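A.B. asks: This is the structure, below, for whatever I ask next.
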Amino acid sequence: MGKLMSARFTCLAIALSYFIISGLWALFADRIFSVLLNQPELAECSTSLSHWFFIAVSTGMLYWLLRYWDAAVTDSQESLRKVNRSLKSFSECTKALTRTDDEEQLMQGICRICVEVGGHLMAWVAFGEDTPEKKLRPVAHWGAEGCFLDSLNASWDDIERGQGPAGTSIRTGKITVFQNLLTNPRYRPWKEVAEKCGYASCIALPLIEKGRAFGSLVIFDEKPHAFDREEAELLDELAGDLSYGIKTLRLKTKSKVEMEERLMLAAVTDQTSDGIITFDTQSTIQYINPSFEGLCGVPASEAIGVSIHDFECSQRNPAFYRAILGVFASNKVRAGHFINKKRDGTEYDIDARISPVFGDDGQVVRYVATIRDVSQQVDLHRQLRQAQKMEALATLSGGIAHDFNNILAIIITNVEMTLEDIADDSPLRKPLELILKAGLRGKNLVKQFSTISRQSEQPQQPVQIDSVVEECLNLLRSTLPTTIELRKQIDSGLGMIAADPTQIHQVIMNLCTNAGDAMSDHGGILDVSVSGVQLNEKDIERYPELKAGKYIKLVVVDTGHGMNREVLERIFDPFYTTKGHLKGTGLGLSIAHGIIKNHGGHIYVNSIEGVGTTFVIFLPQIAGDESQKIEPLAVNNDSGRGHILFVDDEEDYVAGMQVALERFGYTVTAETDSQRTLELFRKNPEAFDLLITDQTMPQITGFKLAEQFLEIRPELPIILCSGSSPESDSSVSPQRAAAAGIRRVLMKPVERKEMHDAIQQLLNRGTDGENIDC
């Protein structure tokens with residue numbers, strides 16, 4: 001107001017001065033000119049009324065012009081001040097945009113500049129929430145502490161509380177100016193708060209990204225009509241820069257997060273056990289991780305930049321290569337199981353997934369293949385299948401062994417007695433000897449089946465395995481061709497194993513003989529090693545059939561022709577052989593497998609075609625002394641004496657064994673009914689010196705019959721015979737039989753001499769005889 005009064009007084013003073021000067025000029029101008037021109041008559045002229053009128057009008061016009069000029073200058077200065085203020089704000093905001101890395105700090109800084117530099121009363125930034133309510137959320141402000149924003153409750157929806165400047169600018173995407181908040185009806189919901197805070201006008205500038213307003217910069221001023229067109233345009237540019245700054249910071253934050261994720265992903269990719277390989281759209285390898293290097297056997301330096309068509313791993317593994325080409329052609333994900341080979345020829349099983357990677361435009365930008373080594377799982381499944389086959393064989397052999405052994409017993413017993421009865425030069429002797437030979441072969445075959453299916457329990461003793469290996473290698477040196485080099489590595493101080501040395505000898509000879517056959521054409525190296533190992537909990541993850549502890553490890557390695565996957569799947573199957581007709585029975589490895597299992601160990605095999613085969617055997621180590629031995633039982637070949645009670649439900653077998661035992665000199669009472677046999681014994685238990693009973697009989701089994709006999713006469717020697725194995729019938733296991741008081745368990749078919757020896761030992765030694773399992 002003072003500036004306005006001063007401007008008016010200045011204009012009035014200038015006008016009055018002009019009027020006085022003009023009046024004096026009108027009064028004295030003629031006299032002055034008469035003197036100067038020396039013309040006295042001019043002094044007599046009088047000033048007309050029109051002159052004074054002109055002076056008065058011109059004075060008024062001069063005053064008006066001066067007032068108009070002053071107002072224009074004042075307006076120009078005010079506008080220039082506002083522009084300078086806006087430009088300074090714009091400059092400070094530009095600095096903030098270039099120096100701030102945080103979105104919230106940037107918005108807070110812009111609000112501060114609008115207030116402190118721009119001279120406005122308050123500034124805040126609102127974001128429109130994409131919710132059904134479409135609420136406005138304050139994210140930054142300056143100059144609004146404890147005022148207005150606390151109770152804003154505004155929206156950007158087209159409702160009453162969405163008609164404010166911020167909501168309108170977000171909804172329309174245009175600058176919204178309220179020049180007088182107190183009189184604008186659209187601002188009615190917030191009129192009282194604005195008046196309390198001293199807000200008179202405001203401008204809302206939309207923040208736009210990708211053509212859509214996501215927020216608004218709102219500036220309040222204490223004066224009405226505080227925002228003219230020029231300032232609005234400058235502030236609009238400021239809002240545009242703020243939008244760009246927010247977008248840039250978000251992209252920068254997103255890029256930083258993506259970079260961190262990529263670095264983390266790269267670290268995970270490098271450290272994962274899964275193999276990863278990527279290709280570009282031209283089939284060129286871009287990356288392989290260390291796990292893929294280890295699986296494929298090709299270092300990254302030899303793979304990156306190489307076409308998949310020329311890649312060494314592709315050439316070795318055509319099925320996997322064709323799967324990759326299929327994905328290239330179809331741009332569809334493909335997954336499957338493959339059997340690949342390493343550079344050294346070792347086969348390994350993988351589960352692979354090959355996928356195209358699409359860009360934002362929907363086009364393929366690269367391809368990635370992930371592979372997982374599942375060799376261990378496949379090997380475990382193979383072992384499970386092998387165990388299931390062995391169990392099936394055990395069930396089968398257990399089912400037929402009893403009846404088959406009874407048949408063989410009848411044949412062998414009667415042929416042996418017939419051969420004793422005929423002359424040496426009888427034409428029947430040779431055919432009968434062939435029949436006996438066939439019967440004994442059948443007996444051995446049933447025994448082998450029991451070994452294969454782990455149903456044969458042979459007497460075991462502490463064995464120093466290195467001596468058994470040495471003995472086998474000494475035998476092999478004289479039988480292997482000179483083109484095969486025999487190597488051995490046997491650690492000193494090996495522990496003992498509980499084993500049947502004959503069966504362990506059989507296993508070693510079988511493996512080494514097979515190795516020699518595999519190298520017979522071109523020669524090679526047969527390497528046999530024996531060592532002591534300690535398997536911990538982690539080790540037995542690879543050997544699920546073993547327990548943690550100390551083991552003797554026997555390894556047989558040859559450099560023969562090797563075996564493919566199909567052969568490896570079946571090498572332990574009975575009667576499976578690759579040696580051709582008349583060159584092998586196909587039982588050797590099956591028997592070896594059964595022997596090792598029966599000794600509580602496990603046998604593993606690995607083979608590479610054209611490289612060779614490796615067999616690894618683990619046998620549990622025991623604490624023992626080399627001097628520990630089991631003394632063989634003495635056999636008394638004297639003529640038989642004593643009364644034997646013999647019972648079996650097979651009439652033909654009973655008839656044959658009765659004659660055979662009587663020929664040895666025994667008195668034999670033979671029965672085919674277990675119940676009648678028990679009644680006969682009860683009548684006169686002291687009449688018999690020994691009971692021989694079959695296990696599998698109707699009414700009463702041999703085991704139950706023996707228990708009832710021993711209740712009547714505890715010291716009676718009893719021999720239990722069975723065609724079944726201990727695993728299919730636990731009653732015939734030597735341990736359970738011994739616990740029940742049964743002196744011997746004999747497995748059918750029992751030869752006459754075997755039976756005679758057992759009877760002699762029991763009758764001659766009485767209760768001193770030891771239980772054995774023949």
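Chains: A, B, ... in order of the structure tokens. Residues: from 1 per chain. Ligands: from 1, in order shown.
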Could you give me, as a PyMOL selection string, the residues within 7 Å of A:Cys721, counting only C-alpha atoms and dropping anything in the same chain fewer than 6 positions from it?
C.D. replies: chain A and resi 693-695+745-748
A.B. asks: Those same residues - all heavy atoms - I'd like them written as a PDB file, in the first residue's frame.
C.D. replies:
```
ATOM      1  N   THR A 693      14.159-137.199  10.315  1.00  0.00           N
ATOM      2  CA  THR A 693      12.836-136.736   9.898  1.00  0.00           C
ATOM      3  C   THR A 693      12.928-135.673   8.810  1.00  0.00           C
ATOM      4  O   THR A 693      13.845-134.840   8.797  1.00  0.00           O
ATOM      5  CB  THR A 693      12.048-136.159  11.088  1.00  0.00           C
ATOM      6  OG1 THR A 693      10.786-135.650  10.624  1.00  0.00           O
ATOM      7  CG2 THR A 693      12.803-135.042  11.787  1.00  0.00           C
ATOM      8  N   ASP A 694      11.972-135.737   7.901  1.00  0.00           N
ATOM      9  CA  ASP A 694      11.830-134.683   6.895  1.00  0.00           C
ATOM     10  C   ASP A 694      11.151-133.471   7.548  1.00  0.00           C
ATOM     11  O   ASP A 694      10.419-133.630   8.543  1.00  0.00           O
ATOM     12  CB  ASP A 694      10.996-135.200   5.713  1.00  0.00           C
ATOM     13  CG  ASP A 694      10.885-134.170   4.606  1.00  0.00           C
ATOM     14  OD1 ASP A 694      11.854-133.410   4.415  1.00  0.00           O
ATOM     15  OD2 ASP A 694       9.834-134.103   3.942  1.00  0.00           O
ATOM     16  N   GLN A 695      11.377-132.295   7.029  1.00  0.00           N
ATOM     17  CA  GLN A 695      10.765-131.090   7.603  1.00  0.00           C
ATOM     18  C   GLN A 695       9.347-130.887   7.100  1.00  0.00           C
ATOM     19  O   GLN A 695       8.431-130.693   7.886  1.00  0.00           O
ATOM     20  CB  GLN A 695      11.624-129.846   7.284  1.00  0.00           C
ATOM     21  CG  GLN A 695      10.938-128.511   7.486  1.00  0.00           C
ATOM     22  CD  GLN A 695      10.484-128.249   8.911  1.00  0.00           C
ATOM     23  OE1 GLN A 695      10.866-128.981   9.839  1.00  0.00           O
ATOM     24  NE2 GLN A 695       9.661-127.247   9.103  1.00  0.00           N
ATOM     25  N   VAL A 745      21.214-130.568  10.657  1.00  0.00           N
ATOM     26  CA  VAL A 745      20.287-130.195   9.590  1.00  0.00           C
ATOM     27  C   VAL A 745      20.982-130.533   8.278  1.00  0.00           C
ATOM     28  O   VAL A 745      22.064-130.010   8.001  1.00  0.00           O
ATOM     29  CB  VAL A 745      19.917-128.695   9.634  1.00  0.00           C
ATOM     30  CG1 VAL A 745      19.019-128.346   8.462  1.00  0.00           C
ATOM     31  CG2 VAL A 745      19.231-128.353  10.944  1.00  0.00           C
ATOM     32  N   LEU A 746      20.393-131.405   7.478  1.00  0.00           N
ATOM     33  CA  LEU A 746      20.952-131.819   6.186  1.00  0.00           C
ATOM     34  C   LEU A 746      20.018-131.356   5.077  1.00  0.00           C
ATOM     35  O   LEU A 746      18.797-131.507   5.170  1.00  0.00           O
ATOM     36  CB  LEU A 746      21.109-133.344   6.126  1.00  0.00           C
ATOM     37  CG  LEU A 746      22.046-133.970   7.170  1.00  0.00           C
ATOM     38  CD1 LEU A 746      22.096-135.480   6.987  1.00  0.00           C
ATOM     39  CD2 LEU A 746      23.447-133.385   7.062  1.00  0.00           C
ATOM     40  N   MET A 747      20.621-130.772   4.038  1.00  0.00           N
ATOM     41  CA  MET A 747      19.828-130.284   2.920  1.00  0.00           C
ATOM     42  C   MET A 747      19.726-131.362   1.858  1.00  0.00           C
ATOM     43  O   MET A 747      20.724-131.951   1.436  1.00  0.00           O
ATOM     44  CB  MET A 747      20.463-129.021   2.326  1.00  0.00           C
ATOM     45  CG  MET A 747      20.637-127.879   3.328  1.00  0.00           C
ATOM     46  SD  MET A 747      19.105-127.410   4.177  1.00  0.00           S
ATOM     47  CE  MET A 747      18.135-126.816   2.795  1.00  0.00           C
ATOM     48  N   LYS A 748      18.506-131.663   1.418  1.00  0.00           N
ATOM     49  CA  LYS A 748      18.274-132.636   0.368  1.00  0.00           C
ATOM     50  C   LYS A 748      18.773-132.093  -0.965  1.00  0.00           C
ATOM     51  O   LYS A 748      18.765-130.875  -1.188  1.00  0.00           O
ATOM     52  CB  LYS A 748      16.785-132.956   0.264  1.00  0.00           C
ATOM     53  CG  LYS A 748      16.213-133.739   1.440  1.00  0.00           C
ATOM     54  CD  LYS A 748      14.745-134.031   1.174  1.00  0.00           C
ATOM     55  CE  LYS A 748      14.132-134.887   2.264  1.00  0.00           C
ATOM     56  NZ  LYS A 748      12.708-135.159   1.990  1.00  0.00           N
TER      57      LYS A 748
END
```
A.B. asks: Residues near A:Gln658, anyone? I mean within 9 Å using only C-alpha atoms, not counting same-chain ones fewer than 6 positions away, as a ChimeraX atom specification.
C.D. replies: /A:646,667-670
A.B. asks: Determine which residues of stretch 622-768 of chain A receive a DSSP assignment of strand (DSSP E or B), computed from the backbone, and state them as a list in words.
C.D. replies: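 Taking stretch 622-768 of chain A and keeping strand (DSSP E or B) gives Ile622, His643, Ile644, Leu645, Phe646, Val647, Thr667, Val668, Thr669, Ala670, Glu671, Leu690, Leu691, Ile692, Thr693, Asp694, Ile718, Ile719, Leu720, Cys721, Ser722, Arg744, Val745, Leu746 and Met747 of chain A.
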A.B. asks: Measuring between only C-alpha atoms, which one of A:Thr613, A:Phe664, A:Ile410, A:Gln735 shows the shortest distance to A:Glu651?
C.D. replies: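 Once distances to A:Glu651 are computed over only C-alpha atoms, the minimum belongs to A:Ile410.
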A.B. asks: What's the 10 Å shell around A:Ile324, counting only C-alpha atoms, without same-chain residues fewer than 4 positions away, as a PyMOL selection string?
C.D. replies: chain A and resi 283+308+314+318-320+328-329+333-335+353-355+367-369
A.B. asks: Name the closest residue to A:Ala194 among the candidates A:Met122, A:Leu763, A:Ala737, A:Ile208; distances are taken between atoms, counting only C-alpha atoms.
C.D. replies: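 Of all the options, A:Met122 lies closest to A:Ala194.
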A.B. asks: A:Leu475: which residues within 12 Å, counting only C-alpha atoms, same-chain residues fewer than 3 positions away excluded, as an MDAnalysis selection string?
C.D. replies: chainID A and resid 468:472 478:480 486 505 508:509 512:513
